[in-house]
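Chemist: What follows is my_file21.pdb, made up of PDB, C-alpha atoms, pLDDT in the B column:
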```pdb
ATOM      1  CA  GLU J 230     -20.370 -12.273  28.962  1.00 67.00           C
ATOM      2  CA  VAL J 231     -22.589  -9.719  30.724  1.00 65.00           C
ATOM      3  CA  VAL J 232     -19.694  -7.268  31.035  1.00 66.00           C
ATOM      4  CA  GLU J 233     -18.774  -7.764  27.372  1.00 70.00           C
ATOM      5  CA  LYS J 234     -22.337  -6.974  26.240  1.00 71.00           C
ATOM      6  CA  PHE J 235     -22.464  -3.927  28.495  1.00 68.00           C
ATOM      7  CA  VAL J 236     -19.112  -2.594  27.278  1.00 67.00           C
ATOM      8  CA  GLU J 237     -20.140  -3.208  23.672  1.00 71.00           C
ATOM      9  CA  GLY J 238     -23.360  -1.256  24.226  1.00 69.00           C
ATOM     10  CA  VAL J 239     -21.548   1.633  25.888  1.00 64.00           C
ATOM     11  CA  SER J 240     -18.952   1.739  23.108  1.00 61.00           C
ATOM     12  CA  ARG J 241     -21.628   1.634  20.415  1.00 61.00           C
ATOM     13  CA  GLY J 242     -23.625   4.385  22.150  1.00 58.00           C
ATOM     14  CA  SER J 243     -20.530   6.522  22.522  1.00 52.00           C
ATOM     15  CA  ASN J 244     -19.676   6.172  18.823  1.00 54.00           C
ATOM     16  CA  GLU J 245     -23.239   7.022  17.774  1.00 55.00           C
ATOM     17  CA  GLU J 246     -23.233  10.040  20.077  1.00 50.00           C
ATOM     18  CA  ALA J 247     -19.907  11.236  18.659  1.00 49.00           C
ATOM     19  CA  ASN J 248     -21.283  10.915  15.131  1.00 54.00           C
ATOM     20  CA  ASN J 249     -24.444  12.854  16.020  1.00 53.00           C
ATOM     21  CA  THR J 250     -22.795  15.824  17.750  1.00 50.00           C
ATOM     22  CA  GLU J 251     -20.103  18.302  16.894  1.00 50.00           C
ATOM     23  CA  GLN J 252     -18.260  17.537  20.147  1.00 56.00           C
ATOM     24  CA  ASN J 253     -15.857  14.633  20.266  1.00 59.00           C
ATOM     25  CA  HIS J 254     -17.274  13.012  23.422  1.00 58.00           C
ATOM     26  CA  THR J 255     -16.187   9.624  24.683  1.00 69.00           C
ATOM     27  CA  THR J 256     -17.930   7.757  27.454  1.00 75.00           C
ATOM     28  CA  ARG J 257     -15.560   6.889  30.288  1.00 78.00           C
ATOM     29  CA  LEU J 258     -15.953   3.416  31.730  1.00 91.00           C
ATOM     30  CA  SER J 259     -14.828   2.089  35.108  1.00 94.00           C
ATOM     31  CA  ILE J 260     -15.348  -1.581  35.877  1.00 97.00           C
ATOM     32  CA  LEU J 261     -15.226  -3.120  39.333  1.00 97.00           C
ATOM     33  CA  ALA J 262     -13.633  -6.567  39.532  1.00 97.00           C
ATOM     34  CA  ARG J 263     -13.906  -8.925  42.486  1.00 97.00           C
ATOM     35  CA  SER J 264     -11.450 -11.619  41.354  1.00 97.00           C
ATOM     36  CA  TYR J 265      -8.208 -11.925  39.426  1.00 97.00           C
ATOM     37  CA  GLU J 266     -10.058 -13.812  36.702  1.00 97.00           C
ATOM     38  CA  GLN J 267     -12.367 -10.830  36.209  1.00 97.00           C
ATOM     39  CA  VAL J 268      -9.418  -8.431  36.148  1.00 98.00           C
ATOM     40  CA  ASP J 269      -7.693 -10.567  33.534  1.00 98.00           C
ATOM     41  CA  ARG J 270     -10.812 -10.780  31.333  1.00 97.00           C
ATOM     42  CA  ILE J 271     -11.418  -7.026  31.520  1.00 97.00           C
ATOM     43  CA  CYS J 272      -7.751  -6.406  30.642  1.00 97.00           C
ATOM     44  CA  ARG J 273      -8.080  -8.661  27.602  1.00 96.00           C
ATOM     45  CA  MET J 274     -11.168  -6.688  26.542  1.00 95.00           C
ATOM     46  CA  ALA J 275      -9.187  -3.433  26.872  1.00 95.00           C
ATOM     47  CA  GLU J 276      -6.315  -4.940  24.883  1.00 95.00           C
ATOM     48  CA  ASP J 277      -8.853  -5.810  22.172  1.00 94.00           C
ATOM     49  CA  GLY J 278      -9.813  -2.141  21.908  1.00 89.00           C
ATOM     50  CA  GLU J 279     -12.752  -1.758  24.305  1.00 89.00           C
ATOM     51  CA  LEU J 280     -13.004   1.713  25.869  1.00 89.00           C
ATOM     52  CA  ILE J 281     -12.127   0.958  29.494  1.00 94.00           C
ATOM     53  CA  ASP J 282     -10.548   3.742  31.521  1.00 95.00           C
ATOM     54  CA  GLU J 283     -10.050   2.076  34.867  1.00 97.00           C
ATOM     55  CA  ILE J 284     -10.450  -1.192  36.675  1.00 98.00           C
ATOM     56  CA  ILE J 285     -11.392  -1.064  40.332  1.00 98.00           C
ATOM     57  CA  VAL J 286      -9.865  -3.977  42.236  1.00 98.00           C
ATOM     58  CA  ASP J 287     -12.319  -4.888  45.020  1.00 97.00           C
ATOM     59  CA  PHE J 288     -11.195  -8.231  46.406  1.00 95.00           C
ATOM     60  CA  LEU J 289     -12.552  -9.659  49.639  1.00 90.00           C
ATOM     61  CA  GLU J 290      -8.982 -10.286  50.787  1.00 87.00           C
ATOM     62  CA  VAL J 291      -5.774  -8.390  50.046  1.00 87.00           C
ATOM     63  CA  ASP J 292      -4.289 -11.602  48.635  1.00 89.00           C
ATOM     64  CA  GLY J 293      -4.066 -11.356  44.868  1.00 94.00           C
ATOM     65  CA  MET J 294      -4.375  -7.573  44.680  1.00 97.00           C
ATOM     66  CA  LYS J 295      -0.676  -7.139  43.855  1.00 96.00           C
ATOM     67  CA  ASP J 296      -0.977  -9.518  40.888  1.00 97.00           C
ATOM     68  CA  ALA J 297      -4.187  -7.790  39.758  1.00 98.00           C
ATOM     69  CA  VAL J 298      -2.561  -4.339  39.812  1.00 98.00           C
ATOM     70  CA  ALA J 299       0.442  -5.749  37.917  1.00 98.00           C
ATOM     71  CA  ARG J 300      -1.899  -7.230  35.281  1.00 98.00           C
ATOM     72  CA  ILE J 301      -3.679  -3.905  34.834  1.00 98.00           C
ATOM     73  CA  ARG J 302      -0.304  -2.162  34.441  1.00 97.00           C
ATOM     74  CA  GLU J 303       0.307  -4.317  31.345  1.00 97.00           C
ATOM     75  CA  VAL J 304      -2.551  -2.528  29.556  1.00 96.00           C
ATOM     76  CA  ASP J 305      -1.874   0.935  28.137  1.00 92.00           C
ATOM     77  CA  ALA J 306      -4.218   3.726  29.235  1.00 92.00           C
ATOM     78  CA  VAL J 307      -6.103   1.682  31.862  1.00 97.00           C
ATOM     79  CA  GLN J 308      -5.727   2.842  35.440  1.00 97.00           C
ATOM     80  CA  ALA J 309      -5.585   0.542  38.449  1.00 98.00           C
ATOM     81  CA  ILE J 310      -7.844   1.668  41.293  1.00 97.00           C
ATOM     82  CA  VAL J 311      -7.790  -0.267  44.572  1.00 97.00           C
ATOM     83  CA  ALA J 312     -10.908  -0.357  46.737  1.00 96.00           C
ATOM     84  CA  SER J 313     -10.414  -0.272  50.479  1.00 92.00           C
ATOM     85  CA  PRO J 314     -12.419  -2.541  52.763  1.00 88.00           C
ATOM     86  CA  ARG J 315     -15.841  -1.164  53.699  1.00 85.00           C
ATOM     87  CA  VAL J 316     -15.222  -1.987  57.350  1.00 80.00           C
ATOM     88  CA  ILE J 317     -11.819  -1.890  58.952  1.00 77.00           C
ATOM     89  CA  LYS J 318     -11.726  -4.345  61.843  1.00 75.00           C
ATOM     90  CA  PRO J 319      -9.652  -3.991  65.001  1.00 75.00           C
ATOM     91  CA  GLY J 320      -6.065  -4.878  64.200  1.00 75.00           C
ATOM     92  CA  GLU J 321      -6.423  -3.765  60.552  1.00 75.00           C
ATOM     93  CA  CYS J 322      -5.695  -0.093  61.151  1.00 74.00           C
ATOM     94  CA  GLY J 323      -2.462  -0.461  59.155  1.00 82.00           C
ATOM     95  CA  ILE J 324      -4.344  -1.551  56.000  1.00 85.00           C
ATOM     96  CA  TRP J 325      -3.478   1.823  54.481  1.00 87.00           C
ATOM     97  CA  ARG J 326       0.173   0.745  54.250  1.00 89.00           C
ATOM     98  CA  THR J 327      -0.772  -2.393  52.373  1.00 91.00           C
ATOM     99  CA  LEU J 328      -2.992  -0.475  49.950  1.00 92.00           C
ATOM    100  CA  LEU J 329      -0.346   2.175  49.249  1.00 92.00           C
ATOM    101  CA  ARG J 330       2.379  -0.441  48.731  1.00 93.00           C
ATOM    102  CA  LEU J 331       0.333  -1.695  45.769  1.00 95.00           C
ATOM    103  CA  GLU J 332       1.065   1.691  44.131  1.00 94.00           C
ATOM    104  CA  PRO J 333      -2.360   2.050  42.509  1.00 95.00           C
ATOM    105  CA  ASP J 334      -3.326   5.004  40.345  1.00 95.00           C
ATOM    106  CA  GLY J 335      -6.069   5.745  42.844  1.00 94.00           C
ATOM    107  CA  LEU J 336      -7.915   4.504  45.905  1.00 94.00           C
ATOM    108  CA  LEU J 337     -11.625   4.012  46.414  1.00 94.00           C
ATOM    109  CA  ILE J 338     -11.893   4.867  50.103  1.00 93.00           C
ATOM    110  CA  ARG J 339     -15.043   3.614  51.808  1.00 91.00           C
ATOM    111  CA  SER J 340     -14.616   4.522  55.442  1.00 87.00           C
ATOM    112  CA  ALA J 341     -14.375   7.825  57.260  1.00 86.00           C
ATOM    113  CA  GLY J 342     -11.469   6.542  59.367  1.00 84.00           C
ATOM    114  CA  LEU J 343      -9.375   5.643  56.334  1.00 86.00           C
ATOM    115  CA  LEU J 344     -10.243   8.943  54.650  1.00 87.00           C
ATOM    116  CA  HIS J 345      -9.069  10.776  57.781  1.00 85.00           C
ATOM    117  CA  LYS J 346      -5.838   8.733  57.824  1.00 85.00           C
ATOM    118  CA  MET J 347      -5.103   9.492  54.158  1.00 86.00           C
ATOM    119  CA  GLN J 348      -5.726  13.197  54.737  1.00 88.00           C
ATOM    120  CA  SER J 349      -3.428  13.164  57.763  1.00 88.00           C
ATOM    121  CA  LEU J 350      -0.680  11.670  55.551  1.00 86.00           C
ATOM    122  CA  GLY J 351      -0.902  14.674  53.255  1.00 86.00           C
ATOM    123  CA  GLY J 352      -3.662  13.774  50.801  1.00 76.00           C
ATOM    124  CA  GLU J 353      -3.255  13.504  47.035  1.00 78.00           C
ATOM    125  CA  GLY J 354       0.327  13.594  45.789  1.00 79.00           C
ATOM    126  CA  ALA J 355       1.903  13.270  49.230  1.00 79.00           C
ATOM    127  CA  THR J 356       5.082  11.282  49.705  1.00 80.00           C
ATOM    128  CA  VAL J 357       4.638   8.649  52.393  1.00 79.00           C
ATOM    129  CA  ASN J 358       7.294   6.483  54.038  1.00 77.00           C
ATOM    130  CA  LEU J 359       5.959   2.939  54.138  1.00 75.00           C
TER     131      LEU J 359
END
```
Have the structure of the file written as structure tokens, please.

Modeler:
Amino acid sequence: EVVEKFVEGVSRGSNEEANNTEQNHTTRLSILARSYEQVDRICRMAEDGELIDEIIVDFLEVDGMKDAVARIREVDAVQAIVASPRVIKPGECGIWRTLLRLEPDGLLIRSAGLLHKMQSLGGEGATVNL
């Protein structure tokens, strides 16, 4: 309900702004979701015409991320962004493979080590053997 009110306010403000200026400006909205239920609700809002550009999947565990990305893919014009863990623990250094196998539209990288790894793989647009 809080997200719905926020999105409604942003959409209303964007429409008023577009009506008051000569430029056709649209507010871009990214929403972070921490559960599949949130992802599903945000997708339904986008399907109902809310202006949502991307959903950031930020689950505590990797479990469920694949289903969340698949759900987002069902919605036209909404990108699936996957958030990496804030802290990568010993033994999780291969998390980058798991994240890339999800085939998201983008990654939210939150550690210097993972950023370095992604750059060493070739950065944006690189082809990586998983």

Chemist: Dump as a ChimeraX atom specification all residues having an atom at most 12 Å from (-0.9, 3.0, 46.8), computed in the file's coordinates with only C-alpha atoms.

Modeler: /J:294-295,298,309-313,324-338,347,352-359

Chemist: I'd like the contact shell of Arg257 of chain J - 8 Å cut-off, all atoms listed in the file, skipping same-chain residues fewer than 3 positions apart - returned as a ChimeraX atom specification.

Modeler: /J:280-282

Chemist: Keeping C-alpha atoms, export the residues of the selection given above as a short mmCIF file (atom, residue, chain, number, x, y, z; two decimals), in the coordinates of the input.

Modeler:
```cif
data_model
loop_
_atom_site.label_atom_id
_atom_site.label_comp_id
_atom_site.auth_asym_id
_atom_site.auth_seq_id
_atom_site.Cartn_x
_atom_site.Cartn_y
_atom_site.Cartn_z
CA LEU J 280 -13.00 1.71 25.87
CA ILE J 281 -12.13 0.96 29.49
CA ASP J 282 -10.55 3.74 31.52
#
```

Chemist: Just how far from atom CA of Cys272 of chain J is atom CA of Arg302 of chain J, in Å to one decimal?

Modeler: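 Between these atoms lies a distance of 9.4 Å.
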
Chemist: Could you put an axis-aligned box around every listed atom of segment 306-316 of chain J, padded by 6 Å on each side, and send me its centre and edge lengths in Å to one decimal, as JSON?

Modeler:
```
{"center_x": -10.0, "center_y": 0.6, "center_z": 43.3, "size_x": 23.6, "size_y": 18.3, "size_z": 40.1}
```

Chemist: Could you tell me, as a PyMOL selection string, which residues have any atom at most 12 Å from (-6.9, -10.7, 34.6), counting only C-alpha atoms?

Modeler: chain J and resi 262-276+284+286+293-304+309

Chemist: Have a look at atom CA of Leu289 of chain J and atom CA of Val316 of chain J and let me know their distance in Å, one decimal.

Modeler: 11.2 Å

Chemist: Between J:Ser259, J:Cys322, J:Asp305, J:Arg315, which is the closest to Glu290 of chain J once you count all atoms listed in the file?

Modeler: J:Arg315

Chemist: Can you work out the spacing between atom CA of Ala341 of chain J and atom CA of Pro314 of chain J in Å, to one decimal?

Modeler: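 If I compute the distance from atom CA of Ala341 of chain J to atom CA of Pro314 of chain J, I get 11.5 Å.
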